[in-house]
Structures are given as C-alpha cells and as structure tokens.
>>> print(open('work.cif').read())   # mmCIF, N, CA and C atoms
data_protein
#
loop_
_atom_site.label_atom_id
_atom_site.label_comp_id
_atom_site.auth_asym_id
_atom_site.auth_seq_id
_atom_site.Cartn_x
_atom_site.Cartn_y
_atom_site.Cartn_z
N MET A 1 -22.43 -58.70 -47.13
CA MET A 1 -23.23 -58.68 -48.33
C MET A 1 -22.57 -57.74 -49.32
N LEU A 2 -22.58 -58.15 -50.59
CA LEU A 2 -22.01 -57.31 -51.63
C LEU A 2 -22.93 -56.14 -51.92
N GLN A 3 -22.34 -55.02 -52.17
CA GLN A 3 -23.10 -53.84 -52.51
C GLN A 3 -22.38 -53.14 -53.65
N GLU A 4 -23.09 -52.97 -54.77
CA GLU A 4 -22.45 -52.34 -55.92
C GLU A 4 -22.26 -50.86 -55.68
N SER A 5 -21.06 -50.39 -55.90
CA SER A 5 -20.78 -48.98 -55.71
C SER A 5 -21.24 -48.19 -56.94
N SER A 6 -21.41 -46.90 -56.76
CA SER A 6 -21.82 -46.05 -57.86
C SER A 6 -20.77 -46.05 -58.95
N ALA A 7 -21.23 -45.99 -60.18
CA ALA A 7 -20.31 -45.97 -61.31
C ALA A 7 -19.53 -44.66 -61.32
N LEU A 8 -18.31 -44.73 -61.79
CA LEU A 8 -17.51 -43.52 -61.94
C LEU A 8 -18.07 -42.68 -63.08
N SER A 9 -18.08 -41.39 -62.90
CA SER A 9 -18.53 -40.49 -63.95
C SER A 9 -17.50 -40.46 -65.07
N THR A 10 -17.97 -40.15 -66.26
CA THR A 10 -17.07 -39.99 -67.40
C THR A 10 -16.36 -38.65 -67.25
N PRO A 11 -15.04 -38.65 -67.34
CA PRO A 11 -14.30 -37.38 -67.22
C PRO A 11 -14.67 -36.41 -68.36
N ALA A 12 -14.53 -35.13 -68.09
CA ALA A 12 -14.70 -34.12 -69.13
C ALA A 12 -13.51 -34.18 -70.08
N ALA A 13 -13.67 -33.66 -71.27
CA ALA A 13 -12.57 -33.64 -72.24
C ALA A 13 -11.38 -32.88 -71.67
N PRO A 14 -10.18 -33.41 -71.85
CA PRO A 14 -8.99 -32.72 -71.33
C PRO A 14 -8.62 -31.51 -72.19
N THR A 15 -7.87 -30.60 -71.60
CA THR A 15 -7.29 -29.50 -72.39
C THR A 15 -5.85 -29.90 -72.72
N VAL A 16 -5.42 -29.55 -73.91
CA VAL A 16 -4.07 -29.91 -74.37
C VAL A 16 -3.35 -28.62 -74.74
N THR A 17 -2.21 -28.40 -74.12
CA THR A 17 -1.43 -27.19 -74.37
C THR A 17 -0.01 -27.58 -74.77
N PRO A 18 0.35 -27.33 -76.05
CA PRO A 18 1.73 -27.61 -76.46
C PRO A 18 2.70 -26.67 -75.74
N THR A 19 3.82 -27.22 -75.30
CA THR A 19 4.85 -26.44 -74.61
C THR A 19 6.16 -26.61 -75.37
N GLY A 20 6.87 -25.51 -75.56
CA GLY A 20 8.13 -25.56 -76.31
C GLY A 20 7.88 -25.09 -77.73
N ALA A 21 8.66 -25.62 -78.69
CA ALA A 21 8.54 -25.22 -80.09
C ALA A 21 7.23 -25.72 -80.68
N ALA A 22 6.51 -24.81 -81.34
CA ALA A 22 5.25 -25.19 -81.98
C ALA A 22 5.52 -26.04 -83.21
N GLY A 23 4.52 -26.79 -83.58
CA GLY A 23 4.62 -27.64 -84.76
C GLY A 23 3.27 -27.70 -85.45
N SER A 24 3.09 -28.71 -86.29
CA SER A 24 1.83 -28.84 -87.01
C SER A 24 1.26 -30.26 -86.90
N THR A 25 1.65 -30.98 -85.86
CA THR A 25 1.17 -32.34 -85.65
C THR A 25 -0.06 -32.30 -84.75
N THR A 26 -1.08 -33.08 -85.12
CA THR A 26 -2.32 -33.15 -84.33
C THR A 26 -2.21 -34.29 -83.32
N TYR A 27 -2.38 -33.94 -82.06
CA TYR A 27 -2.41 -34.91 -80.96
C TYR A 27 -3.78 -34.85 -80.32
N THR A 28 -4.37 -36.01 -80.06
CA THR A 28 -5.67 -36.11 -79.42
C THR A 28 -5.54 -37.02 -78.20
N TYR A 29 -6.16 -36.61 -77.12
CA TYR A 29 -6.06 -37.36 -75.87
C TYR A 29 -7.44 -37.64 -75.29
N LYS A 30 -7.58 -38.79 -74.63
CA LYS A 30 -8.79 -39.14 -73.88
C LYS A 30 -8.35 -39.59 -72.49
N ILE A 31 -9.20 -39.35 -71.51
CA ILE A 31 -8.91 -39.69 -70.11
C ILE A 31 -9.93 -40.71 -69.62
N VAL A 32 -9.47 -41.69 -68.86
CA VAL A 32 -10.33 -42.70 -68.24
C VAL A 32 -10.06 -42.68 -66.74
N ALA A 33 -11.13 -42.53 -65.95
CA ALA A 33 -11.00 -42.53 -64.49
C ALA A 33 -11.02 -43.97 -63.98
N ARG A 34 -10.28 -44.23 -62.89
CA ARG A 34 -10.20 -45.56 -62.28
C ARG A 34 -10.30 -45.47 -60.77
N ASN A 35 -10.79 -46.54 -60.17
CA ASN A 35 -10.61 -46.76 -58.74
C ASN A 35 -10.38 -48.25 -58.57
N ARG A 36 -10.36 -48.72 -57.35
CA ARG A 36 -10.02 -50.13 -57.10
C ARG A 36 -10.93 -51.09 -57.85
N ASP A 37 -12.21 -50.75 -57.99
CA ASP A 37 -13.17 -51.67 -58.56
C ASP A 37 -13.68 -51.32 -59.94
N GLN A 38 -13.47 -50.10 -60.40
CA GLN A 38 -14.14 -49.66 -61.62
C GLN A 38 -13.24 -48.83 -62.52
N ILE A 39 -13.66 -48.77 -63.78
CA ILE A 39 -13.09 -47.81 -64.71
C ILE A 39 -14.26 -47.11 -65.39
N SER A 40 -14.03 -45.88 -65.77
CA SER A 40 -15.09 -45.11 -66.42
C SER A 40 -15.01 -45.30 -67.93
N ILE A 41 -15.99 -44.77 -68.60
CA ILE A 41 -15.95 -44.67 -70.05
C ILE A 41 -14.99 -43.53 -70.37
N ALA A 42 -14.33 -43.60 -71.51
CA ALA A 42 -13.36 -42.57 -71.89
C ALA A 42 -14.03 -41.22 -72.09
N SER A 43 -13.29 -40.18 -71.77
CA SER A 43 -13.78 -38.81 -71.96
C SER A 43 -13.90 -38.51 -73.45
N ALA A 44 -14.55 -37.39 -73.73
CA ALA A 44 -14.51 -36.86 -75.09
C ALA A 44 -13.06 -36.48 -75.37
N ALA A 45 -12.71 -36.38 -76.62
CA ALA A 45 -11.33 -36.08 -76.98
C ALA A 45 -10.99 -34.62 -76.77
N GLY A 46 -9.77 -34.39 -76.32
CA GLY A 46 -9.18 -33.05 -76.26
C GLY A 46 -7.99 -33.08 -77.19
N SER A 47 -7.79 -32.04 -77.98
CA SER A 47 -6.69 -32.11 -78.94
C SER A 47 -6.02 -30.78 -79.20
N THR A 48 -4.90 -30.87 -79.89
CA THR A 48 -4.17 -29.70 -80.38
C THR A 48 -3.69 -30.02 -81.78
N ALA A 49 -3.67 -29.02 -82.63
CA ALA A 49 -3.16 -29.20 -83.99
C ALA A 49 -1.79 -28.56 -84.15
N THR A 50 -1.23 -28.06 -83.03
CA THR A 50 0.07 -27.36 -83.10
C THR A 50 1.14 -28.03 -82.26
N GLY A 51 1.04 -29.36 -82.12
CA GLY A 51 2.05 -30.08 -81.36
C GLY A 51 3.32 -30.29 -82.16
N ASN A 52 4.44 -30.37 -81.47
CA ASN A 52 5.72 -30.63 -82.12
C ASN A 52 5.71 -32.06 -82.65
N ALA A 53 6.29 -32.29 -83.81
CA ALA A 53 6.31 -33.62 -84.41
C ALA A 53 7.05 -34.62 -83.54
N THR A 54 8.09 -34.15 -82.83
CA THR A 54 8.86 -35.01 -81.94
C THR A 54 8.72 -34.47 -80.53
N LEU A 55 8.05 -35.24 -79.68
CA LEU A 55 7.87 -34.80 -78.29
C LEU A 55 9.09 -35.17 -77.47
N THR A 56 9.53 -34.21 -76.65
CA THR A 56 10.69 -34.40 -75.77
C THR A 56 10.38 -33.73 -74.44
N SER A 57 11.37 -33.73 -73.55
CA SER A 57 11.18 -33.08 -72.26
C SER A 57 11.07 -31.57 -72.38
N SER A 58 11.52 -30.99 -73.49
CA SER A 58 11.39 -29.54 -73.68
C SER A 58 10.29 -29.18 -74.68
N ASN A 59 9.87 -30.13 -75.50
CA ASN A 59 8.75 -29.95 -76.44
C ASN A 59 7.71 -31.02 -76.14
N TYR A 60 6.76 -30.69 -75.30
CA TYR A 60 5.79 -31.68 -74.86
C TYR A 60 4.38 -31.10 -74.87
N ASN A 61 3.41 -31.99 -74.70
CA ASN A 61 2.01 -31.57 -74.60
C ASN A 61 1.58 -31.69 -73.15
N ALA A 62 1.12 -30.58 -72.58
CA ALA A 62 0.59 -30.57 -71.21
C ALA A 62 -0.90 -30.89 -71.29
N ILE A 63 -1.31 -31.96 -70.64
CA ILE A 63 -2.70 -32.40 -70.66
C ILE A 63 -3.27 -32.18 -69.26
N ALA A 64 -4.43 -31.57 -69.18
CA ALA A 64 -5.07 -31.31 -67.88
C ALA A 64 -6.54 -31.69 -67.97
N TRP A 65 -7.11 -32.18 -66.86
CA TRP A 65 -8.52 -32.56 -66.83
C TRP A 65 -9.07 -32.28 -65.45
N THR A 66 -10.39 -32.39 -65.34
CA THR A 66 -11.08 -32.17 -64.07
C THR A 66 -11.18 -33.49 -63.32
N ALA A 67 -10.95 -33.46 -62.02
CA ALA A 67 -11.02 -34.67 -61.20
C ALA A 67 -12.42 -35.27 -61.23
N VAL A 68 -12.48 -36.60 -61.13
CA VAL A 68 -13.74 -37.33 -61.07
C VAL A 68 -13.92 -37.84 -59.65
N SER A 69 -15.08 -37.58 -59.06
CA SER A 69 -15.36 -38.03 -57.70
C SER A 69 -15.26 -39.56 -57.61
N GLY A 70 -14.50 -40.04 -56.66
CA GLY A 70 -14.33 -41.48 -56.45
C GLY A 70 -13.16 -42.09 -57.19
N ALA A 71 -12.53 -41.34 -58.08
CA ALA A 71 -11.39 -41.88 -58.84
C ALA A 71 -10.12 -41.76 -58.01
N ASP A 72 -9.24 -42.77 -58.13
CA ASP A 72 -7.94 -42.68 -57.45
C ASP A 72 -6.78 -42.76 -58.43
N SER A 73 -7.09 -42.93 -59.73
CA SER A 73 -6.06 -42.87 -60.76
C SER A 73 -6.73 -42.63 -62.11
N TYR A 74 -5.90 -42.32 -63.10
CA TYR A 74 -6.41 -42.02 -64.44
C TYR A 74 -5.52 -42.65 -65.48
N ASP A 75 -6.14 -43.11 -66.58
CA ASP A 75 -5.40 -43.59 -67.75
C ASP A 75 -5.45 -42.49 -68.80
N VAL A 76 -4.34 -42.29 -69.51
CA VAL A 76 -4.26 -41.29 -70.57
C VAL A 76 -4.04 -42.04 -71.88
N TYR A 77 -4.93 -41.79 -72.86
CA TYR A 77 -4.84 -42.42 -74.18
C TYR A 77 -4.51 -41.35 -75.22
N ARG A 78 -3.71 -41.71 -76.22
CA ARG A 78 -3.26 -40.74 -77.22
C ARG A 78 -3.52 -41.26 -78.63
N THR A 79 -3.84 -40.31 -79.52
CA THR A 79 -3.92 -40.54 -80.96
C THR A 79 -3.06 -39.46 -81.61
N VAL A 80 -2.22 -39.86 -82.56
CA VAL A 80 -1.36 -38.91 -83.27
C VAL A 80 -1.73 -38.93 -84.75
N GLY A 81 -2.21 -37.79 -85.25
CA GLY A 81 -2.57 -37.69 -86.66
C GLY A 81 -3.56 -38.74 -87.12
N GLY A 82 -4.47 -39.16 -86.25
CA GLY A 82 -5.48 -40.16 -86.61
C GLY A 82 -5.08 -41.59 -86.30
N ALA A 83 -3.83 -41.84 -85.95
CA ALA A 83 -3.37 -43.20 -85.62
C ALA A 83 -3.32 -43.36 -84.10
N THR A 84 -4.04 -44.35 -83.59
CA THR A 84 -4.08 -44.58 -82.15
C THR A 84 -2.77 -45.17 -81.66
N THR A 85 -2.21 -44.55 -80.63
CA THR A 85 -1.01 -45.09 -80.01
C THR A 85 -1.33 -45.75 -78.68
N GLY A 86 -2.60 -45.76 -78.28
CA GLY A 86 -3.03 -46.48 -77.10
C GLY A 86 -2.81 -45.74 -75.80
N ARG A 87 -2.85 -46.52 -74.71
CA ARG A 87 -2.65 -45.95 -73.37
C ARG A 87 -1.18 -45.60 -73.21
N ILE A 88 -0.93 -44.34 -72.89
CA ILE A 88 0.46 -43.90 -72.73
C ILE A 88 0.85 -43.74 -71.28
N ALA A 89 -0.15 -43.69 -70.38
CA ALA A 89 0.19 -43.51 -68.96
C ALA A 89 -0.99 -43.88 -68.08
N THR A 90 -0.66 -44.34 -66.88
CA THR A 90 -1.61 -44.45 -65.78
C THR A 90 -1.00 -43.63 -64.66
N VAL A 91 -1.70 -42.59 -64.26
CA VAL A 91 -1.19 -41.68 -63.23
C VAL A 91 -2.06 -41.79 -61.99
N GLY A 92 -1.50 -41.41 -60.86
CA GLY A 92 -2.23 -41.45 -59.60
C GLY A 92 -3.33 -40.42 -59.55
N ASN A 93 -3.67 -40.00 -58.36
CA ASN A 93 -4.77 -39.07 -58.15
C ASN A 93 -4.32 -37.64 -58.45
N VAL A 94 -3.95 -37.40 -59.70
CA VAL A 94 -3.55 -36.08 -60.18
C VAL A 94 -4.42 -35.74 -61.39
N THR A 95 -4.41 -34.50 -61.80
CA THR A 95 -5.25 -34.09 -62.93
C THR A 95 -4.43 -33.44 -64.04
N ALA A 96 -3.19 -33.86 -64.20
CA ALA A 96 -2.35 -33.32 -65.26
C ALA A 96 -1.28 -34.35 -65.62
N PHE A 97 -0.83 -34.27 -66.86
CA PHE A 97 0.22 -35.17 -67.34
C PHE A 97 0.95 -34.46 -68.47
N GLY A 98 2.26 -34.61 -68.54
CA GLY A 98 3.06 -34.05 -69.62
C GLY A 98 3.50 -35.16 -70.55
N ASP A 99 2.99 -35.16 -71.77
CA ASP A 99 3.35 -36.18 -72.76
C ASP A 99 4.65 -35.78 -73.44
N THR A 100 5.73 -36.46 -73.08
CA THR A 100 7.05 -36.20 -73.66
C THR A 100 7.39 -37.21 -74.75
N GLY A 101 6.37 -37.86 -75.28
CA GLY A 101 6.59 -38.83 -76.34
C GLY A 101 6.70 -40.25 -75.85
N VAL A 102 6.14 -40.54 -74.68
CA VAL A 102 6.21 -41.90 -74.13
C VAL A 102 5.54 -42.89 -75.09
N ALA A 103 6.06 -44.09 -75.13
CA ALA A 103 5.49 -45.12 -76.00
C ALA A 103 4.13 -45.55 -75.47
N GLY A 104 3.24 -45.86 -76.37
CA GLY A 104 1.91 -46.31 -75.99
C GLY A 104 1.72 -47.78 -76.26
N GLY A 105 0.67 -48.32 -75.69
CA GLY A 105 0.29 -49.70 -75.97
C GLY A 105 -0.66 -49.71 -77.16
N SER A 106 -1.26 -50.82 -77.41
CA SER A 106 -2.19 -50.90 -78.55
C SER A 106 -3.64 -50.81 -78.11
N GLU A 107 -3.88 -50.53 -76.83
CA GLU A 107 -5.24 -50.52 -76.30
C GLU A 107 -6.03 -49.34 -76.85
N THR A 108 -7.32 -49.53 -76.94
CA THR A 108 -8.20 -48.41 -77.26
C THR A 108 -8.94 -48.03 -75.99
N ALA A 109 -9.32 -46.78 -75.89
CA ALA A 109 -10.01 -46.30 -74.70
C ALA A 109 -11.39 -46.95 -74.61
N PRO A 110 -11.83 -47.34 -73.40
CA PRO A 110 -13.14 -47.98 -73.26
C PRO A 110 -14.28 -47.04 -73.61
N THR A 111 -15.26 -47.58 -74.32
CA THR A 111 -16.43 -46.79 -74.71
C THR A 111 -17.69 -47.47 -74.20
N ALA A 112 -18.79 -46.78 -74.28
CA ALA A 112 -20.07 -47.32 -73.81
C ALA A 112 -20.51 -48.47 -74.71
N VAL A 113 -21.22 -49.42 -74.12
CA VAL A 113 -21.81 -50.52 -74.87
C VAL A 113 -23.32 -50.39 -74.76
N ALA A 114 -24.03 -51.26 -75.43
CA ALA A 114 -25.49 -51.21 -75.39
C ALA A 114 -25.96 -51.21 -73.93
N GLY A 115 -26.86 -50.35 -73.59
CA GLY A 115 -27.33 -50.24 -72.22
C GLY A 115 -26.61 -49.15 -71.46
N GLY A 116 -25.50 -48.66 -71.98
CA GLY A 116 -24.83 -47.52 -71.38
C GLY A 116 -23.82 -47.85 -70.30
N SER A 117 -23.63 -49.10 -69.94
CA SER A 117 -22.63 -49.42 -68.93
C SER A 117 -22.04 -50.79 -69.24
N PHE A 118 -21.00 -51.16 -68.54
CA PHE A 118 -20.35 -52.44 -68.75
C PHE A 118 -19.64 -52.86 -67.48
N TRP A 119 -19.33 -54.12 -67.38
CA TRP A 119 -18.57 -54.66 -66.26
C TRP A 119 -17.21 -55.05 -66.79
N THR A 120 -16.18 -54.58 -66.16
CA THR A 120 -14.83 -54.95 -66.58
C THR A 120 -14.48 -56.30 -65.97
N ASP A 121 -13.43 -56.92 -66.51
CA ASP A 121 -12.96 -58.19 -65.94
C ASP A 121 -12.56 -58.00 -64.48
N ALA A 122 -11.93 -56.87 -64.17
CA ALA A 122 -11.51 -56.61 -62.79
C ALA A 122 -12.71 -56.50 -61.86
N GLU A 123 -13.78 -55.84 -62.31
CA GLU A 123 -14.98 -55.73 -61.48
C GLU A 123 -15.60 -57.10 -61.26
N LEU A 124 -15.73 -57.88 -62.33
CA LEU A 124 -16.32 -59.22 -62.20
C LEU A 124 -15.50 -60.09 -61.26
N LEU A 125 -14.19 -60.05 -61.38
CA LEU A 125 -13.33 -60.83 -60.50
C LEU A 125 -13.50 -60.41 -59.05
N THR A 126 -13.57 -59.12 -58.80
CA THR A 126 -13.76 -58.62 -57.43
C THR A 126 -15.06 -59.16 -56.85
N TYR A 127 -16.15 -59.10 -57.63
CA TYR A 127 -17.45 -59.56 -57.12
C TYR A 127 -17.47 -61.08 -56.93
N ILE A 128 -16.80 -61.82 -57.79
CA ILE A 128 -16.73 -63.27 -57.62
C ILE A 128 -15.97 -63.62 -56.34
N ILE A 129 -14.86 -62.95 -56.11
CA ILE A 129 -14.07 -63.22 -54.89
C ILE A 129 -14.88 -62.87 -53.64
N GLU A 130 -15.54 -61.70 -53.66
CA GLU A 130 -16.35 -61.31 -52.50
C GLU A 130 -17.50 -62.29 -52.27
N GLY A 131 -18.12 -62.78 -53.34
CA GLY A 131 -19.19 -63.76 -53.20
C GLY A 131 -18.67 -65.07 -52.61
N ALA A 132 -17.49 -65.51 -53.05
CA ALA A 132 -16.90 -66.74 -52.51
C ALA A 132 -16.59 -66.56 -51.02
N LYS A 133 -16.12 -65.38 -50.63
CA LYS A 133 -15.84 -65.13 -49.21
C LYS A 133 -17.12 -65.20 -48.38
N ASP A 134 -18.21 -64.63 -48.91
CA ASP A 134 -19.50 -64.70 -48.20
C ASP A 134 -19.94 -66.15 -48.02
N LEU A 135 -19.82 -66.96 -49.08
CA LEU A 135 -20.20 -68.37 -48.98
C LEU A 135 -19.30 -69.11 -47.99
N TRP A 136 -18.00 -68.86 -48.03
CA TRP A 136 -17.07 -69.54 -47.14
C TRP A 136 -17.36 -69.18 -45.69
N ARG A 137 -17.71 -67.93 -45.41
CA ARG A 137 -18.06 -67.55 -44.04
C ARG A 137 -19.25 -68.38 -43.54
N ALA A 138 -20.22 -68.64 -44.41
CA ALA A 138 -21.38 -69.44 -44.01
C ALA A 138 -20.98 -70.89 -43.75
N VAL A 139 -20.04 -71.41 -44.52
CA VAL A 139 -19.59 -72.80 -44.35
C VAL A 139 -18.84 -72.96 -43.03
N VAL A 140 -17.96 -72.03 -42.71
CA VAL A 140 -17.17 -72.19 -41.50
C VAL A 140 -17.89 -71.68 -40.25
N ASP A 141 -19.00 -71.00 -40.42
CA ASP A 141 -19.77 -70.54 -39.26
C ASP A 141 -20.42 -71.77 -38.61
N LEU A 142 -20.18 -71.98 -37.36
CA LEU A 142 -20.74 -73.16 -36.67
C LEU A 142 -22.10 -72.86 -36.07
N HIS A 143 -22.74 -71.82 -36.55
CA HIS A 143 -24.08 -71.46 -36.09
C HIS A 143 -24.15 -71.46 -34.57
N GLN A 144 -23.27 -70.68 -34.00
CA GLN A 144 -23.16 -70.49 -32.55
C GLN A 144 -22.96 -71.83 -31.85
N GLU A 145 -22.10 -72.64 -32.43
CA GLU A 145 -21.71 -73.93 -31.88
C GLU A 145 -22.85 -74.93 -31.75
N HIS A 146 -23.90 -74.77 -32.54
CA HIS A 146 -25.03 -75.68 -32.52
C HIS A 146 -24.61 -77.12 -32.88
N PHE A 147 -23.63 -77.25 -33.79
CA PHE A 147 -23.22 -78.57 -34.25
C PHE A 147 -22.02 -79.11 -33.46
N MET A 148 -21.58 -78.42 -32.44
CA MET A 148 -20.47 -78.90 -31.62
C MET A 148 -20.95 -79.99 -30.68
N THR A 149 -20.14 -81.01 -30.49
CA THR A 149 -20.52 -82.08 -29.56
C THR A 149 -19.58 -82.08 -28.38
#
>>> encode(input="work.cif", output="structure tokens")
Amino acid sequence: MLQESSALSTPAAPTVTPTGAAGSTTYTYKIVARNRDQISIASAAGSTATGNATLTSSNYNAIAWTAVSGADSYDVYRTVGGATTGRIATVGNVTAFGDTGVAGGSETAPTAVAGGSFWTDAELLTYIIEGAKDLWRAVVDLHQEHFMT
C-alpha cells in the first residue's frame, strides 16, 4: 500500500561569505532540499553585497546552510544583481557549496502554491508507478491457487 511520506521542511536561509578579493556585486542564493521522492520549497534568500564581480577558484562565495531532516541532496539557486541565473548546483548530503562562477540554468527556485504544498512531476510519477505495481500484484496473484486446475 502506498503511504505518503512527510514533506521536507523548507531550509533556513543560507549564509553567504565572500572569500578572496572583496567587490561590490550582490549575490543572492536560495537552497532547496531533495530526497528520492520530494523537493522542498526554496529557502528564504541569503545574500552578500560584497562579492567579487568575477567569481573564480580564489574569489568565490562560500554558501552554508542547515541540514534538513530527510534530505539527501540540495539544489543551489543564484541571483546576481537582481538577475536570476537559475540552479547552479545539485550537491549531495552536504551543507556547504563554493560558488566559483559556475554557469546556471534558467530555472527558478520552487515556491509555495495555493494551499501551501505541491506535487512535483517526480512525486506523481513515483506514486503512479507504485500504484501500477500494486494493481499488477493483484492481477498475477492466483489467490492461493484457487483458480488453478
């Protein structure tokens, strides 16, 4: 029988610490918790106004956040000077990331919808597959060989 797992908590806002030469570029980050079946709503934004204009391995932003119970990976989203650069990383079960200027996608961080929760495509697909498996088990079950001749 399918049983819905508890929703992942929304991560707390990350802390952002520029490392290397200081600058005057504003970087904002949001964190999204993930596990096999779910994704959380994006955290509140964490930002710095003293980031280097060009991020490199020696001039980077160190992003840190608090672990979310049940999460096994995290997505990191970035905005630079008000322009969204999308998801820049998916990291494993760690609570820190160094942004060295990695390219981002065009995705926006997931937010709450009416009712306060949502089902992702991945969650829906998982539940559909599990439901089909339950039905198939009933079809192939010979009811303790009652129909065997």
>>> closest_residue(input="work.cif", among="A:Thr100, A:Thr48, A:Asn61, A:Ser40", to="Gly20 of chain A", atoms="all atoms listed in the file")
A:Asn61
>>> closest_residue(input="work.cif", among="A:Val91, A:Ala45, A:Leu135, A:Leu8", to="Arg78 of chain A", atoms="only C-alpha atoms")
A:Ala45
>>> closest_residue(input="work.cif", among="A:Pro18, A:Pro110, A:Gly131, A:Gly81", to="Ile31 of chain A", atoms="only C-alpha atoms")
A:Pro110
>>> resolve_selection(input="work.cif", expression="the PyMOL selection byres ((chain A and resi 63) around 6)", output="JSON, numbers by chain")
{"A": [15, 16, 17, 61, 62, 64, 65, 95, 96, 97, 98, 99]}
>>> residues_around(input="work.cif", residues="Ala71 of chain A", least_positions_apart="2", cutoff="9 Å", atoms="only C-alpha atoms", output="ChimeraX atom specification")
/A:8-9,33-36,38-39,67-69,73-74,93
